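One file, entry-v2.csv, is given below (CSV, C-alpha atoms).
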chain,number,residue,atom,x,y,z
A,705,MET,CA,3.9,103.6,-16.2
A,706,PRO,CA,6.1,100.8,-17.6
A,707,SER,CA,8.1,101.3,-20.7
A,708,LEU,CA,6.8,99.9,-23.9
A,709,ARG,CA,10.0,97.8,-24.2
A,710,LEU,CA,9.1,95.9,-21.1
A,711,LEU,CA,5.6,95.0,-22.2
A,712,PRO,CA,6.6,91.9,-24.2
A,713,CYS,CA,8.7,90.6,-21.3
A,714,ILE,CA,5.8,91.1,-18.9
A,715,ALA,CA,3.4,89.3,-21.2
A,716,ALA,CA,5.7,86.4,-21.6
A,717,GLY,CA,6.2,86.1,-17.8
A,718,LEU,CA,2.4,86.1,-17.3
A,719,LEU,CA,2.0,83.3,-19.9
A,720,VAL,CA,4.6,81.1,-18.2
A,721,ALA,CA,2.9,81.6,-14.8
A,722,CYS,CA,-0.5,80.7,-16.2
A,723,ALA,CA,0.9,77.6,-17.8
A,724,ALA,CA,2.6,76.5,-14.6
A,725,HIS,CA,-0.6,77.1,-12.6
A,726,LYS,CA,-2.7,74.9,-15.0
A,727,THR,CA,0.0,72.1,-14.9
A,728,SER,CA,-0.1,71.9,-11.1
A,729,ARG,CA,-3.9,71.5,-11.1
A,730,THR,CA,-4.0,68.8,-13.8
A,731,PRO,CA,-4.3,65.4,-12.0
A,732,ALA,CA,-1.6,62.9,-12.8
A,733,PRO,CA,-2.8,60.0,-15.0
A,734,ILE,CA,-3.8,56.8,-13.0
A,735,ALA,CA,-1.7,53.8,-13.9
A,736,GLU,CA,-3.8,50.9,-15.0
A,737,ALA,CA,-3.5,48.0,-12.4
A,738,LYS,CA,-2.0,44.8,-13.9
A,739,PRO,CA,-3.1,41.4,-12.6
A,740,ALA,CA,-0.4,39.7,-10.5
A,741,ALA,CA,1.3,36.9,-12.2
A,742,PRO,CA,0.7,33.5,-10.6
A,743,THR,CA,3.5,32.3,-8.4
A,744,ALA,CA,5.3,29.0,-8.9
A,745,ALA,CA,4.4,27.9,-5.4
A,746,THR,CA,0.7,27.5,-6.2
A,747,PRO,CA,0.2,26.1,-9.7
A,748,PRO,CA,-3.3,27.0,-10.9
A,749,GLY,CA,-5.9,24.2,-11.0
A,750,LYS,CA,-4.2,21.9,-8.5
A,751,PRO,CA,-4.9,23.4,-5.0
A,752,HIS,CA,-4.8,20.0,-3.2
A,753,ALA,CA,-2.3,18.1,-5.4
A,754,GLU,CA,0.3,17.8,-2.6
A,755,LYS,CA,-2.1,16.5,0.0
A,756,ARG,CA,-2.0,12.8,-0.7
A,757,HIS,CA,-1.8,9.6,1.2
A,758,PRO,CA,1.0,7.1,0.3
A,759,SER,CA,0.2,5.7,-3.1
A,760,ALA,CA,-1.3,2.2,-3.5
A,761,ALA,CA,1.8,1.3,-5.5
A,762,ALA,CA,4.1,2.3,-2.6
A,763,GLU,CA,2.1,0.3,-0.1
A,764,LYS,CA,2.2,-2.8,-2.3
A,765,ASN,CA,5.9,-2.6,-3.0
A,766,THR,CA,6.9,-5.2,-0.4
A,767,ALA,CA,9.1,-7.4,-2.6
A,768,LEU,CA,12.6,-8.1,-1.3
A,769,PRO,CA,15.9,-8.1,-3.0
A,770,ALA,CA,17.0,-11.7,-3.5
A,771,ARG,CA,20.0,-11.2,-1.3
A,772,GLU,CA,17.7,-10.5,1.7
A,773,VAL,CA,15.4,-13.5,1.4
A,774,GLY,CA,17.5,-15.8,3.7
A,775,TYR,CA,17.6,-13.3,6.5
A,776,TYR,CA,14.0,-12.4,6.1
A,777,LEU,CA,12.9,-16.1,6.4
A,778,ASP,CA,15.2,-16.7,9.4
A,779,VAL,CA,13.6,-13.8,11.3
A,780,LEU,CA,10.1,-14.9,10.2
A,781,GLN,CA,10.7,-18.5,11.3
A,782,GLY,CA,11.9,-17.3,14.7
A,783,ARG,CA,8.7,-15.2,15.1
A,784,LEU,CA,6.6,-18.2,14.2
A,785,GLN,CA,8.3,-20.4,16.7
A,786,GLN,CA,7.5,-17.9,19.4
A,787,ARG,CA,3.9,-17.4,18.5
A,788,LEU,CA,2.4,-20.5,17.1
A,789,ASP,CA,0.9,-23.5,19.0
A,790,SER,CA,3.6,-26.0,20.0
A,791,GLY,CA,1.7,-28.7,18.1
A,792,VAL,CA,2.4,-27.0,14.8
A,793,ILE,CA,5.5,-28.4,13.2
A,794,ILE,CA,7.7,-25.7,11.7
A,795,GLY,CA,10.3,-26.7,9.1
A,796,ARG,CA,12.3,-25.4,6.2
A,797,GLN,CA,12.2,-26.5,2.6
A,798,HIS,CA,14.5,-24.7,0.1
A,799,ASP,CA,13.4,-21.1,0.2
A,800,SER,CA,10.2,-21.5,2.1
A,801,ILE,CA,9.0,-22.2,5.6
A,802,VAL,CA,6.5,-25.1,6.0
A,803,LEU,CA,4.0,-25.1,8.8
A,804,ASP,CA,2.3,-28.5,9.4
A,805,PHE,CA,-1.0,-28.0,11.1
A,806,SER,CA,-2.1,-31.6,10.5
A,807,ARG,CA,-1.9,-32.6,14.2
A,808,ARG,CA,-3.8,-29.6,15.4
A,809,LEU,CA,-6.1,-28.4,12.6
A,810,SER,CA,-8.8,-31.0,12.1
A,811,PHE,CA,-11.9,-31.1,10.0
A,812,MET,CA,-15.0,-33.1,10.8
A,813,PRO,CA,-15.5,-36.0,8.4
A,814,ASP,CA,-16.9,-34.8,5.0
A,815,SER,CA,-16.8,-31.2,6.3
A,816,ALA,CA,-14.9,-28.2,5.1
A,817,GLN,CA,-15.9,-25.9,8.0
A,818,LEU,CA,-13.5,-24.5,10.6
A,819,ASP,CA,-14.7,-24.3,14.1
A,820,ASP,CA,-13.8,-21.7,16.7
A,821,VAL,CA,-10.9,-23.8,18.0
A,822,ASP,CA,-9.4,-24.0,14.5
A,823,ARG,CA,-9.8,-20.3,13.9
A,824,ASP,CA,-8.1,-19.5,17.2
A,825,LEU,CA,-5.2,-21.8,16.2
A,826,LEU,CA,-4.7,-19.8,12.9
A,827,GLN,CA,-5.1,-16.4,14.6
A,828,PRO,CA,-1.4,-15.9,15.6
A,829,LEU,CA,-0.3,-16.8,12.0
A,830,MET,CA,-2.7,-14.2,10.7
A,831,LYS,CA,-1.2,-11.5,13.0
A,832,ILE,CA,2.3,-12.4,11.8
A,833,LEU,CA,1.3,-12.3,8.2
A,834,GLU,CA,-0.1,-8.8,8.7
A,835,GLU,CA,3.4,-7.7,9.8
A,836,TYR,CA,5.5,-9.7,7.3
A,837,ARG,CA,3.8,-8.5,4.1
A,838,ALA,CA,6.5,-9.8,1.7
A,839,ALA,CA,5.5,-13.4,2.7
A,840,LEU,CA,3.6,-15.4,0.1
A,841,VAL,CA,1.2,-18.1,1.3
A,842,SER,CA,0.6,-21.5,-0.1
A,843,VAL,CA,-2.3,-23.5,1.5
A,844,ARG,CA,-1.8,-27.2,0.9
A,845,VAL,CA,-4.5,-29.7,1.8
A,846,SER,CA,-4.2,-33.3,0.8
A,847,ALA,CA,-7.1,-35.6,0.0
A,848,ASP,CA,-8.0,-38.5,2.3
A,849,ASP,CA,-7.9,-40.8,-0.7
A,850,ASP,CA,-7.7,-40.8,-4.5
A,851,ALA,CA,-11.4,-40.5,-5.1
A,852,VAL,CA,-12.7,-37.5,-7.0
A,853,ALA,CA,-15.0,-36.5,-4.1
A,854,ALA,CA,-12.0,-36.6,-1.7
A,855,ARG,CA,-10.0,-34.3,-3.9
A,856,LYS,CA,-12.9,-31.9,-4.2
A,857,LEU,CA,-13.3,-31.8,-0.4
A,858,ALA,CA,-9.6,-31.1,0.0
A,859,GLN,CA,-10.0,-28.2,-2.4
A,860,GLN,CA,-12.9,-26.8,-0.4
A,861,ARG,CA,-11.0,-27.2,2.9
A,862,ALA,CA,-8.0,-25.3,1.4
A,863,ALA,CA,-10.4,-22.6,0.1
A,864,VAL,CA,-11.9,-22.2,3.6
A,865,ILE,CA,-8.5,-21.6,5.2
A,866,ALA,CA,-7.5,-19.2,2.4
A,867,ARG,CA,-10.8,-17.3,3.0
A,868,ALA,CA,-10.1,-17.1,6.8
A,869,LEU,CA,-6.7,-15.6,6.0
A,870,ALA,CA,-8.3,-13.0,3.7
A,871,GLU,CA,-10.9,-12.1,6.3
A,872,ALA,CA,-8.1,-11.5,8.7
A,873,GLY,CA,-6.5,-9.0,6.3
A,874,VAL,CA,-4.1,-11.1,4.3
A,875,ALA,CA,-4.4,-9.9,0.6
A,876,ALA,CA,-5.9,-12.5,-1.6
A,877,ALA,CA,-3.1,-12.0,-4.2
A,878,ARG,CA,-0.6,-13.4,-1.7
A,879,VAL,CA,-2.4,-16.7,-1.2
A,880,VAL,CA,-2.6,-19.7,-3.5
A,881,ILE,CA,-4.3,-23.1,-3.0
A,882,VAL,CA,-2.6,-26.4,-3.7
A,883,VAL,CA,-4.1,-29.9,-3.6
A,884,PRO,CA,-1.3,-32.5,-4.1
A,885,THR,CA,-2.0,-35.0,-6.8
A,886,ALA,CA,-1.4,-37.9,-4.5
A,887,ALA,CA,-3.5,-38.6,-1.4
A,888,ALA,CA,-1.9,-38.7,2.0
A,889,ARG,CA,-0.3,-42.1,2.7
A,890,ASP,CA,-1.8,-42.5,6.1
A,891,GLY,CA,-5.3,-41.9,4.8
A,892,GLY,CA,-5.7,-38.7,6.9
A,893,THR,CA,-6.0,-35.0,5.9
A,894,HIS,CA,-2.7,-33.2,5.8
A,895,VAL,CA,-2.9,-29.4,6.2
A,896,GLU,CA,0.3,-27.4,5.5
A,897,ILE,CA,0.9,-23.7,5.0
A,898,ALA,CA,4.1,-22.8,3.2
A,899,LEU,CA,5.5,-19.3,3.4
A,900,SER,CA,8.0,-17.9,0.8
A,901,ALA,CA,9.2,-14.4,0.2
A,902,GLU,CA,8.2,-12.2,-2.7
A,903,THR,CA,11.4,-11.1,-4.5
A,904,ARG,CA,12.4,-8.5,-7.0
A,905,GLY,CA,15.3,-8.5,-9.5
A,906,ASP,CA,17.8,-6.1,-7.8

Serialized structure, structure tokens:
Amino acid sequence: MPSLRLLPCIAAGLLVACAAHKTSRTPAPIAEAKPAAPTAATPPGKPHAEKRHPSAAAEKNTALPAREVGYYLDVLQGRLQQRLDSGVIIGRQHDSIVLDFSRRLSFMPDSAQLDDVDRDLLQPLMKILEEYRAALVSVRVSADDDAVAARKLAQQRAAVIARALAEAGVAAARVVIVVPTAAARDGGTHVEIALSAETRGD
């Protein structure tokens, strides 16, 4: 039989053992899951922001530095001489190329319509203008005489040529129509298309 002195020690040992047993059976607390912070690579609310076609502004930015205009027109003139009908007179005036279609592009009397032959004549020019997008186009059609009706007809003829260019893909903003104030000296219809380069300030 154990001594009475040992009883307090035995009791203390039993209490420690019981406490250890209860501690081992108590489940550890479950840590609360925290939502993951959004990463910088995928900003919320813009899942497709990076999938873009080139902007309209970038596509329209075709203007040339002034220092490059001379070379640009030289190359464009050489291309025109290769592709256009030999009856089209190609010349240079200041900072523009002038194409004289008067001998090849003809309108019926009192008509502002282009026939299939005329459209075929303009087709190579249209293709080149699709490639040289910095080229600005001035359609000049002179009147047969100084009468108001003749000037109105010249305006309509120039508009028809401009419309044909637009239908071929030349932006309308690149094309202007000019009817000279004086009628052609020979009494015929003169048709010219002048090409210049759009420039920017750098």

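Atom CA of Ala898 of chain A is found 19.8 Å from atom CA of Ala816 of chain A.
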
Which neighbours of segment 859-875 of chain A fall inside 12 Å, counting all atoms listed in the file, when residues of the same chain fewer than 4 positions from it are skipped, and could you give them as a ChimeraX atom specification? /A:764,805,809-820,822-848,852-855,879-885,893-897

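Relative to atom CA of Glu902 of chain A, atom CA of Thr766 of chain A is found at 7.5 Å.
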
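Interatomic distance, atom CA of Arg807 of chain A against atom CA of Ile793 of chain A: 8.6 Å.
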
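Nearest to His798 of chain A of all the residues A:Gly905, A:Arg783, A:Ser900, A:Pro769 is A:Ser900, counting only C-alpha atoms.
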